[in-house]
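Listing of my_file_4.cif, mmCIF, C-alpha atoms
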```
data_model
#
loop_
_atom_site.label_atom_id
_atom_site.label_comp_id
_atom_site.auth_asym_id
_atom_site.auth_seq_id
_atom_site.Cartn_x
_atom_site.Cartn_y
_atom_site.Cartn_z
CA MET A 10 1.00 -7.29 41.48
CA TRP A 11 3.63 -8.85 43.74
CA ARG A 12 2.40 -6.64 46.59
CA LEU A 13 -1.17 -7.76 45.98
CA PHE A 14 -0.05 -11.40 46.03
CA LEU A 15 1.71 -10.90 49.38
CA LEU A 16 -1.24 -8.97 50.76
CA VAL A 17 -3.80 -11.66 49.88
CA LEU A 18 -1.36 -14.35 51.04
CA SER A 19 -0.82 -12.79 54.46
CA LEU A 20 -4.49 -11.92 55.03
CA THR A 21 -5.73 -15.35 53.88
CA ALA A 22 -3.18 -17.07 56.12
CA VAL A 23 -4.88 -15.59 59.17
CA SER A 24 -8.44 -15.54 57.84
CA PHE A 25 -9.97 -18.03 60.23
CA GLY A 26 -13.72 -17.81 60.58
CA GLY A 27 -14.87 -17.22 57.01
CA GLY A 28 -14.62 -14.62 54.29
CA ASN A 29 -15.53 -11.59 56.40
CA THR A 30 -12.17 -11.53 58.12
CA LEU A 31 -10.43 -11.58 54.74
CA LEU A 32 -12.80 -8.92 53.43
CA GLY A 33 -12.13 -6.68 56.43
CA GLY A 34 -8.37 -6.82 55.86
CA LEU A 35 -8.68 -6.26 52.10
CA GLU A 36 -10.99 -3.29 52.58
CA ARG A 37 -8.58 -1.77 55.05
CA GLU A 38 -5.50 -2.28 52.86
CA LEU A 39 -6.99 -1.49 49.43
CA VAL A 40 -9.90 0.92 49.94
CA GLN A 41 -8.66 2.92 52.90
CA THR A 42 -5.26 3.35 51.19
CA GLY A 43 -6.94 4.57 47.98
CA GLN A 44 -5.84 1.73 45.67
CA ILE A 45 -9.45 1.07 44.70
CA THR A 46 -12.66 2.91 45.54
CA GLY A 47 -15.30 1.63 47.95
CA GLU A 48 -17.62 1.25 44.96
CA GLN A 49 -15.12 -0.91 43.04
CA PHE A 50 -14.61 -3.02 46.17
CA ALA A 51 -18.33 -3.61 46.74
CA VAL A 52 -18.97 -4.38 43.06
CA ALA A 53 -16.07 -6.87 43.04
CA VAL A 54 -17.47 -8.59 46.14
CA ALA A 55 -20.92 -8.83 44.52
CA LEU A 56 -19.35 -10.22 41.34
CA GLY A 57 -17.51 -12.86 43.36
CA GLN A 58 -20.72 -13.78 45.20
CA ALA A 59 -22.68 -14.15 41.98
CA THR A 60 -20.28 -16.72 40.54
CA PRO A 61 -20.37 -20.45 41.35
CA GLY A 62 -17.62 -22.21 43.30
CA PRO A 63 -15.90 -21.00 46.48
CA LEU A 64 -17.40 -17.81 47.93
CA ALA A 65 -13.85 -16.46 48.18
CA ALA A 66 -13.93 -15.92 44.41
CA PHE A 67 -14.48 -12.29 45.42
CA THR A 68 -10.71 -12.22 46.00
CA THR A 69 -10.16 -12.87 42.28
CA ALA A 70 -12.62 -10.09 41.43
CA ILE A 71 -10.90 -7.68 43.83
CA GLY A 72 -7.51 -8.61 42.28
CA MET A 73 -9.01 -7.86 38.87
CA ALA A 74 -10.23 -4.46 40.10
CA VAL A 75 -6.78 -3.61 41.50
CA SER A 76 -4.60 -4.55 38.53
CA GLY A 77 -6.48 -6.41 35.81
CA LEU A 78 -5.70 -9.96 34.73
CA GLY A 79 -2.36 -10.00 36.59
CA GLY A 80 -4.09 -8.96 39.80
CA ALA A 81 -6.76 -11.64 39.38
CA LEU A 82 -4.05 -14.27 38.84
CA ALA A 83 -1.96 -13.04 41.80
CA ALA A 84 -4.94 -13.03 44.19
CA THR A 85 -6.12 -16.49 43.05
CA ALA A 86 -2.61 -17.95 43.30
CA ALA A 87 -2.29 -16.61 46.85
CA LEU A 88 -5.59 -18.26 47.85
CA ILE A 89 -4.47 -21.61 46.44
CA MET A 90 -1.05 -21.36 48.06
CA VAL A 91 -2.45 -20.73 51.55
CA SER A 92 -5.04 -23.48 51.29
CA LEU A 93 -2.55 -26.02 49.88
CA THR A 94 0.07 -25.22 52.52
CA ALA A 95 -2.48 -25.42 55.34
CA VAL A 96 -3.92 -28.71 54.12
CA PHE A 97 -0.48 -30.22 53.60
CA LEU A 98 1.00 -29.06 56.92
CA ILE A 99 -2.05 -30.05 58.88
CA SER A 100 -1.82 -33.60 57.57
CA LYS A 101 1.49 -33.76 59.50
CA VAL A 102 0.03 -32.40 62.77
CA PRO A 103 -1.38 -34.83 65.36
CA SER A 104 -5.17 -34.45 65.53
CA ARG A 105 -5.06 -34.20 69.36
CA TRP A 106 -3.63 -30.67 68.98
CA PHE A 107 -7.04 -29.50 67.78
CA ALA A 108 -8.63 -30.78 70.99
CA HIS A 109 -6.39 -28.55 73.14
CA PRO A 110 -8.61 -26.04 75.03
CA GLY A 111 -6.40 -23.11 73.97
CA VAL A 112 -6.67 -23.94 70.26
CA ARG A 113 -10.43 -24.52 70.50
CA GLY A 114 -10.99 -21.35 72.52
CA GLY A 115 -8.96 -19.28 70.04
CA LEU A 116 -10.85 -20.64 67.04
CA GLU A 117 -14.21 -20.16 68.77
CA ALA A 118 -13.45 -16.49 69.42
CA VAL A 119 -12.78 -15.84 65.73
CA GLY A 120 -16.42 -16.45 64.69
CA PRO A 121 -17.85 -13.54 66.70
CA LEU A 122 -15.01 -11.29 65.52
CA ALA A 123 -15.80 -12.09 61.90
CA THR A 124 -19.45 -11.24 62.58
CA VAL A 125 -18.63 -7.77 63.88
CA ILE A 126 -16.12 -7.11 61.09
CA GLY A 127 -18.86 -8.03 58.58
CA LEU A 128 -21.35 -5.67 60.19
CA TYR A 129 -18.78 -2.85 60.29
CA LEU A 130 -17.97 -3.43 56.61
CA ALA A 131 -21.66 -3.35 55.68
CA GLY A 132 -21.95 0.01 57.44
CA ARG A 133 -18.89 1.39 55.65
CA ILE A 134 -20.17 0.22 52.26
CA LEU A 135 -23.60 1.78 52.84
CA LEU A 136 -22.16 5.06 54.11
CA ALA A 137 -19.57 5.30 51.30
CA GLY A 138 -22.27 5.42 48.62
CA SER A 139 -25.10 7.86 48.08
CA LEU A 140 -27.32 6.32 50.70
CA ASP A 141 -31.04 6.57 49.91
CA TRP A 142 -34.26 4.77 50.76
CA LEU A 143 -34.23 2.77 47.54
CA GLY A 144 -30.71 1.48 48.26
CA LEU A 145 -31.64 0.63 51.83
CA ALA A 146 -34.69 -1.25 50.50
CA ILE A 147 -32.49 -3.27 48.11
CA ALA A 148 -29.97 -4.04 50.88
CA GLY A 149 -32.82 -5.00 53.23
CA ALA A 150 -34.44 -7.26 50.63
CA VAL A 151 -31.10 -8.98 49.93
CA ALA A 152 -30.45 -9.43 53.68
CA LEU A 153 -33.94 -10.90 54.14
CA ALA A 154 -33.53 -13.25 51.16
CA LYS A 155 -30.15 -14.43 52.47
CA TRP A 156 -31.60 -14.81 55.97
CA ARG A 157 -34.33 -17.03 54.48
CA LYS A 158 -31.53 -19.13 52.89
CA LEU A 159 -32.37 -18.27 49.28
CA PRO A 160 -29.49 -19.01 46.87
CA THR A 161 -26.98 -16.15 46.75
CA ALA A 162 -26.33 -15.83 43.02
CA PRO A 163 -29.94 -15.15 41.88
CA VAL A 164 -30.42 -12.79 44.83
CA VAL A 165 -27.34 -10.74 43.87
CA LEU A 166 -28.30 -10.73 40.19
CA SER A 167 -31.85 -9.59 41.08
CA ALA A 168 -30.41 -6.72 43.14
CA VAL A 169 -28.18 -5.69 40.22
CA LEU A 170 -31.17 -5.82 37.86
CA ALA A 171 -33.26 -3.80 40.33
CA GLY A 172 -30.48 -1.20 40.45
CA MET A 173 -30.39 -1.02 36.65
CA LEU A 174 -34.15 -0.56 36.37
CA LEU A 175 -34.69 1.79 39.31
CA TYR A 176 -31.67 4.13 39.23
CA MET B 13 -1.84 -41.71 38.57
CA GLN B 14 -2.38 -39.45 35.54
CA ARG B 15 -5.95 -40.69 35.36
CA LYS B 16 -6.45 -39.57 39.00
CA TYR B 17 -5.06 -36.11 38.25
CA TRP B 18 -7.48 -35.83 35.33
CA GLN B 19 -10.39 -36.96 37.52
CA LEU B 20 -9.42 -34.45 40.22
CA PHE B 21 -9.23 -31.65 37.66
CA THR B 22 -12.52 -32.43 35.92
CA LEU B 23 -14.42 -33.01 39.17
CA GLY B 24 -12.96 -29.75 40.54
CA LEU B 25 -14.08 -28.00 37.37
CA TRP B 26 -17.59 -29.44 37.71
CA LEU B 27 -17.83 -28.48 41.40
CA GLY B 28 -16.54 -24.98 40.64
CA ALA B 29 -19.09 -24.52 37.87
CA THR B 30 -22.19 -25.94 39.53
CA ILE B 31 -21.99 -25.41 43.31
CA PHE B 32 -23.43 -22.19 44.68
CA GLY B 33 -23.39 -21.56 48.43
CA GLY B 34 -19.86 -22.39 49.53
CA VAL B 35 -18.69 -25.30 51.65
CA THR B 36 -22.13 -26.09 53.10
CA ALA B 37 -23.46 -26.89 49.65
CA ALA B 38 -20.24 -28.56 48.48
CA TYR B 39 -19.76 -30.93 51.42
CA PRO B 40 -22.50 -33.52 50.65
CA VAL B 41 -21.63 -33.51 46.94
CA ILE B 42 -17.89 -34.06 47.56
CA ARG B 43 -18.72 -36.79 50.10
CA GLN B 44 -20.93 -38.62 47.61
CA LYS B 45 -18.46 -38.32 44.71
CA ALA B 46 -15.46 -39.41 46.82
CA GLU B 47 -17.35 -42.54 47.87
CA GLU B 48 -18.62 -43.27 44.34
CA LEU B 49 -15.11 -43.02 42.91
CA GLY B 50 -13.71 -45.15 45.74
CA TRP B 51 -11.25 -42.43 46.77
CA ILE B 52 -11.96 -42.20 50.49
CA SER B 53 -14.82 -43.21 52.78
CA GLY B 54 -17.64 -40.89 53.83
CA GLU B 55 -16.15 -40.78 57.33
CA GLY B 56 -12.83 -39.74 55.76
CA VAL B 57 -14.58 -36.82 54.05
CA ASP B 58 -16.25 -35.93 57.37
CA GLY B 59 -12.78 -35.64 58.89
CA CYS B 60 -11.65 -33.45 55.99
CA TYR B 61 -14.69 -31.19 56.54
CA ALA B 62 -13.90 -30.79 60.24
CA LEU B 63 -10.38 -29.80 59.23
CA ALA B 64 -11.45 -27.48 56.40
CA VAL B 65 -13.57 -25.22 58.59
CA VAL B 66 -10.85 -24.63 61.18
CA LEU B 67 -7.98 -24.03 58.74
CA PRO B 68 -7.23 -20.54 57.44
CA GLY B 69 -8.47 -19.78 53.94
CA PRO B 70 -11.72 -20.51 52.11
CA SER B 71 -13.40 -23.59 53.61
CA PHE B 72 -14.64 -24.91 50.23
CA LEU B 73 -11.10 -24.74 48.83
CA ASN B 74 -9.73 -26.33 52.02
CA LEU B 75 -12.25 -29.19 51.91
CA TRP B 76 -11.52 -29.96 48.28
CA GLY B 77 -7.78 -29.64 48.98
CA ALA B 78 -7.94 -31.94 52.03
CA VAL B 79 -9.77 -34.62 50.01
CA SER B 80 -7.61 -34.30 46.90
CA VAL B 81 -4.30 -34.33 48.80
CA ARG B 82 -5.26 -37.78 50.06
CA VAL B 83 -6.08 -38.92 46.53
CA GLY B 84 -3.25 -37.41 44.49
CA GLY B 85 -0.74 -35.89 46.91
CA LEU B 86 0.31 -32.26 46.78
CA LEU B 87 0.36 -32.11 42.96
CA GLY B 88 -3.09 -33.68 42.79
CA ALA B 89 -4.41 -31.12 45.28
CA LEU B 90 -2.92 -28.27 43.24
CA ILE B 91 -4.51 -29.58 40.02
CA ALA B 92 -7.84 -30.11 41.80
CA GLN B 93 -7.87 -26.58 43.25
CA ILE B 94 -7.00 -24.99 39.90
CA GLY B 95 -9.96 -26.88 38.41
CA LEU B 96 -12.21 -25.66 41.24
CA LEU B 97 -11.33 -21.99 40.85
CA LEU B 98 -11.20 -21.92 37.05
CA PRO B 99 -14.96 -21.39 36.38
CA ALA B 100 -15.26 -18.45 38.82
CA PHE B 101 -11.98 -17.01 37.51
CA THR B 102 -13.23 -17.18 33.91
CA LEU B 103 -16.58 -15.63 34.83
CA VAL B 104 -14.90 -12.79 36.74
CA LEU B 105 -12.87 -12.05 33.61
CA LEU B 106 -15.81 -12.35 31.22
CA LEU B 107 -18.69 -10.74 33.13
CA PRO B 108 -17.35 -7.17 32.74
CA LEU B 109 -17.56 -7.73 28.96
CA LEU B 110 -21.34 -7.59 29.36
CA GLY B 111 -20.80 -3.87 29.82
CA ARG B 112 -20.26 -3.65 26.05
CA ILE B 113 -23.94 -4.40 25.45
CA PRO B 114 -25.51 -0.94 24.92
CA TRP B 115 -28.50 -1.40 27.28
CA ILE B 116 -26.25 -2.65 30.07
CA ALA B 117 -23.70 0.12 29.42
CA ALA B 118 -26.49 2.70 29.66
CA HIS B 119 -27.48 1.33 33.08
CA ALA B 120 -23.96 0.63 34.39
CA SER B 121 -24.21 3.04 37.32
CA GLY B 122 -27.53 1.46 38.37
CA ALA B 123 -25.93 -2.00 38.15
CA SER B 124 -23.07 -0.79 40.37
CA ALA B 125 -25.52 0.65 42.88
CA GLY B 126 -27.49 -2.62 42.93
CA ALA B 127 -24.26 -4.62 43.42
CA ILE B 128 -23.11 -2.35 46.26
CA TYR B 129 -26.41 -2.63 48.14
CA ALA B 130 -26.45 -6.40 47.47
CA THR B 131 -23.01 -6.72 49.08
CA ALA B 132 -24.13 -4.69 52.09
CA GLY B 133 -27.27 -6.84 52.39
CA LEU B 134 -25.29 -10.08 52.24
CA LEU B 135 -22.87 -8.86 54.92
CA ILE B 136 -25.76 -7.76 57.15
CA ALA B 137 -27.50 -11.15 56.82
CA THR B 138 -24.29 -13.06 57.62
CA ALA B 139 -23.60 -10.76 60.58
CA LEU B 140 -27.16 -11.17 61.92
CA GLU B 141 -26.80 -14.93 61.78
CA GLY B 142 -23.57 -14.63 63.76
CA LEU B 143 -25.10 -12.25 66.31
CA LYS B 144 -27.97 -14.66 66.87
CA LYS B 145 -25.49 -17.45 67.49
CA TRP B 146 -22.99 -15.60 69.66
CA ARG B 147 -24.86 -12.75 71.38
CA GLU B 148 -25.09 -14.46 74.77
CA ARG B 149 -21.69 -16.03 75.18
CA TRP B 150 -19.52 -13.47 73.38
CA VAL B 151 -21.41 -10.21 73.86
CA TRP B 152 -18.41 -8.51 75.51
CA LEU B 153 -16.17 -9.42 72.57
CA LEU B 154 -18.77 -8.31 69.99
CA GLY B 155 -19.18 -4.90 71.62
CA LEU B 156 -15.48 -4.36 72.22
CA THR B 157 -14.60 -5.27 68.61
CA MET B 158 -17.17 -2.86 67.16
CA LEU B 159 -15.95 -0.03 69.42
CA MET B 160 -12.33 -0.66 68.40
CA LEU B 161 -13.22 -0.71 64.69
CA ILE B 162 -15.31 2.46 64.75
CA PHE B 163 -13.57 4.68 67.28
CA VAL B 164 -9.97 3.49 67.39
CA GLY B 165 -9.58 2.35 63.77
CA VAL B 166 -7.76 -0.84 64.75
CA HIS B 167 -6.75 -3.06 61.83
CA PRO B 168 -9.14 -6.06 61.51
CA LEU B 169 -6.11 -8.36 61.49
CA VAL B 170 -4.95 -7.09 64.88
CA LEU B 171 -8.46 -7.59 66.25
CA LEU B 172 -8.57 -11.10 64.87
CA VAL B 173 -5.25 -12.18 66.36
CA GLY B 174 -5.91 -10.36 69.66
CA GLY B 175 -9.43 -11.81 69.93
CA ALA B 176 -8.18 -15.33 69.22
CA ALA B 177 -5.49 -14.92 71.90
CA LEU B 178 -8.11 -13.68 74.41
CA GLY B 179 -10.39 -16.59 73.53
CA ALA B 180 -7.53 -19.08 73.95
CA ALA B 181 -6.51 -17.59 77.31
CA ARG B 182 -10.12 -17.62 78.54
CA ALA B 183 -10.63 -21.25 77.47
CA MET B 184 -7.41 -22.35 79.15
CA LYS B 185 -8.36 -20.54 82.35
CA VAL B 186 -11.77 -22.25 82.40
CA SER B 187 -10.15 -25.61 81.62
CA GLY B 188 -7.59 -25.09 84.43
CA LYS B 189 -10.38 -24.32 86.95
CA GLU B 190 -12.31 -27.41 85.89
CA ALA B 191 -9.19 -29.55 86.31
CA VAL B 192 -8.76 -28.23 89.89
#
```
Mind converting the file's structure to structure tokens?
Amino acid sequence: MWRLFLLVLSLTAVSFGGGNTLLGGLERELVQTGQITGEQFAVAVALGQATPGPLAAFTTAIGMAVSGLGGALAATAALIMVSLTAVFLISKVPSRWFAHPGVRGGLEAVGPLATVIGLYLAGRILLAGSLDWLGLAIAGAVALAKWRKLPTAPVVLSAVLAGMLLY
Amino acid sequence: MQRKYWQLFTLGLWLGATIFGGVTAAYPVIRQKAEELGWISGEGVDGCYALAVVLPGPSFLNLWGAVSVRVGGLLGALIAQIGLLLPAFTLVLLLPLLGRIPWIAAHASGASAGAIYATAGLLIATALEGLKKWRERWVWLLGLTMLMLIFVGVHPLVLLVGGAALGAARAMKVSGKEAV
């Protein structure tokens, strides 16, 4: 549990550019080391996406998959700690630092990186399961719905329901 | 002050239970509520938003933290963030209990399959949005990152830090040329 806390803490502390960067690190450290399966990981991410509040609630769900209630608490506490520390420290930093070309250039580069990490993760998740046409159709429909800006939670729940009825 | 802590907690709880869609959906609601309650001005919340999206960590949590730290200090921000995460935390704990319903239990593997493909679909959609936005300016970085992930197995964290350093160096070089 302590290890999970430190893992989420360290990955969140460098997760600029959205949840995909955090997801990429968690997948690498938890799935590729055999602590949870790819299926558990993907289900936890879907569970986190289907709940209201911050999208990063998937971290709580992943913590739950790794070591139950303690894991969920550890992962959530790590998220809060990083965010609180960042918000507090940044209130002490002069705002002109953010206008420095180096800082802006570094932050701008993180967005494209997060995009590629997300695409790579999607490929790994699809290839880890028993890939079939029906699954690809569900993934495609979800991608299209998200692309058209439909709300995430009903889309995820519809995909889960489709899986239950069709598999 | 205790009244402010209570307000931060209950508003956090309400935001955490009703907002779907992350920081984009939360931003206008937090802005409106902060103004209504007389906490900080709309422009103040705009500043918090600009900060939230560049800080590490979840942007929604950062935005709510940046607003609440101005209202109730560090303790207020902690209370506010606990309130925000509590609904999702409770749901994550409770949703697996649905598996005890016989019909759901009988279709558990189908539910897992649906969830897995949903996750892949969501990641693909987010990535496509990013590709559309960045394909022209950052195409070299996009291609290089994918090659490193697939063929070299580089840790995403290393890519992130390395990419940010490259981006910073490139921006400083461009800025230096413009200054000359």
Requested in this report: May I ask which of the residues A:Glu38, A:Glu48, A:Glu117, A:Asp141 is the closest one to Val66 in chain B, counting all atoms listed in the file?
Outcome: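 For Val66 in chain B, the nearest of the candidates is A:Glu117.
Running the PyMOL selection byres ((chain B and resi 13-25) around 7) on this file leaves Trp26, Leu27, Gly28, Ala29, Ser80, Gly84, Gly88, Ile91, Ala92, Gln93, Gly95, Leu96, Leu98 and Pro99 of chain B selected.
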Writer output for current selection, C-alpha atoms, as a short mmCIF file (atom, residue, chain, number, x, y, z; two decimals), in the frame of the given file:
```
data_model
loop_
_atom_site.label_atom_id
_atom_site.label_comp_id
_atom_site.auth_asym_id
_atom_site.auth_seq_id
_atom_site.Cartn_x
_atom_site.Cartn_y
_atom_site.Cartn_z
CA TRP B 26 -17.59 -29.44 37.71
CA LEU B 27 -17.83 -28.48 41.40
CA GLY B 28 -16.54 -24.98 40.64
CA ALA B 29 -19.09 -24.52 37.87
CA SER B 80 -7.61 -34.30 46.90
CA GLY B 84 -3.25 -37.41 44.49
CA GLY B 88 -3.09 -33.68 42.79
CA ILE B 91 -4.51 -29.58 40.02
CA ALA B 92 -7.84 -30.11 41.80
CA GLN B 93 -7.87 -26.58 43.25
CA GLY B 95 -9.96 -26.88 38.41
CA LEU B 96 -12.21 -25.66 41.24
CA LEU B 98 -11.20 -21.92 37.05
CA PRO B 99 -14.96 -21.39 36.38
#
```
Report task. Take the point (-27.8, -11.4, 61.4) in the file's coordinates, draw a sphere of radius 12 Å around it, and report as a ChimeraX atom specification every protein, DNA or RNA residue with an atom inside or on it, counting only C-alpha atoms. Result -> /A:121,124-125,127-128,131,149,152-157 /B:133-147
Query raised in the report: Interatomic distance between CA of Ala70 in chain A and CA of Ala83 in chain A?
Result: 11.1 Å
**Report entry** At most 6 Å to chain A: residues in chain B, only C-alpha atoms, as number ranges by chain
**Finding:** B: 28-29, 31-32, 34, 68-69, 72, 74, 78, 100, 104, 119, 122-123, 125-137, 139, 142, 168, 176-177, 179-180, 183-184
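Taking CA of Ile94 in chain B as the reference point, CA of Pro70 in chain B is found at 13.8 Å.
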Query raised in the report: Rounded to one decimal in Å, what is the spacing between CA of Gly174 in chain B and CA of Met158 in chain B?
Result: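 Here the two named atoms are 13.8 Å from each other.
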Box along x, y and z, 6 Å on every side, all listed atoms of range 80-92 of chain A inside: centre and edge lengths in Å to one decimal, as AutoDock Vina command-line options.
```
--center_x -3.9 --center_y -16.2 --center_z 45.2 --size_x 17.7 --size_y 26.5 --size_z 24.7
```
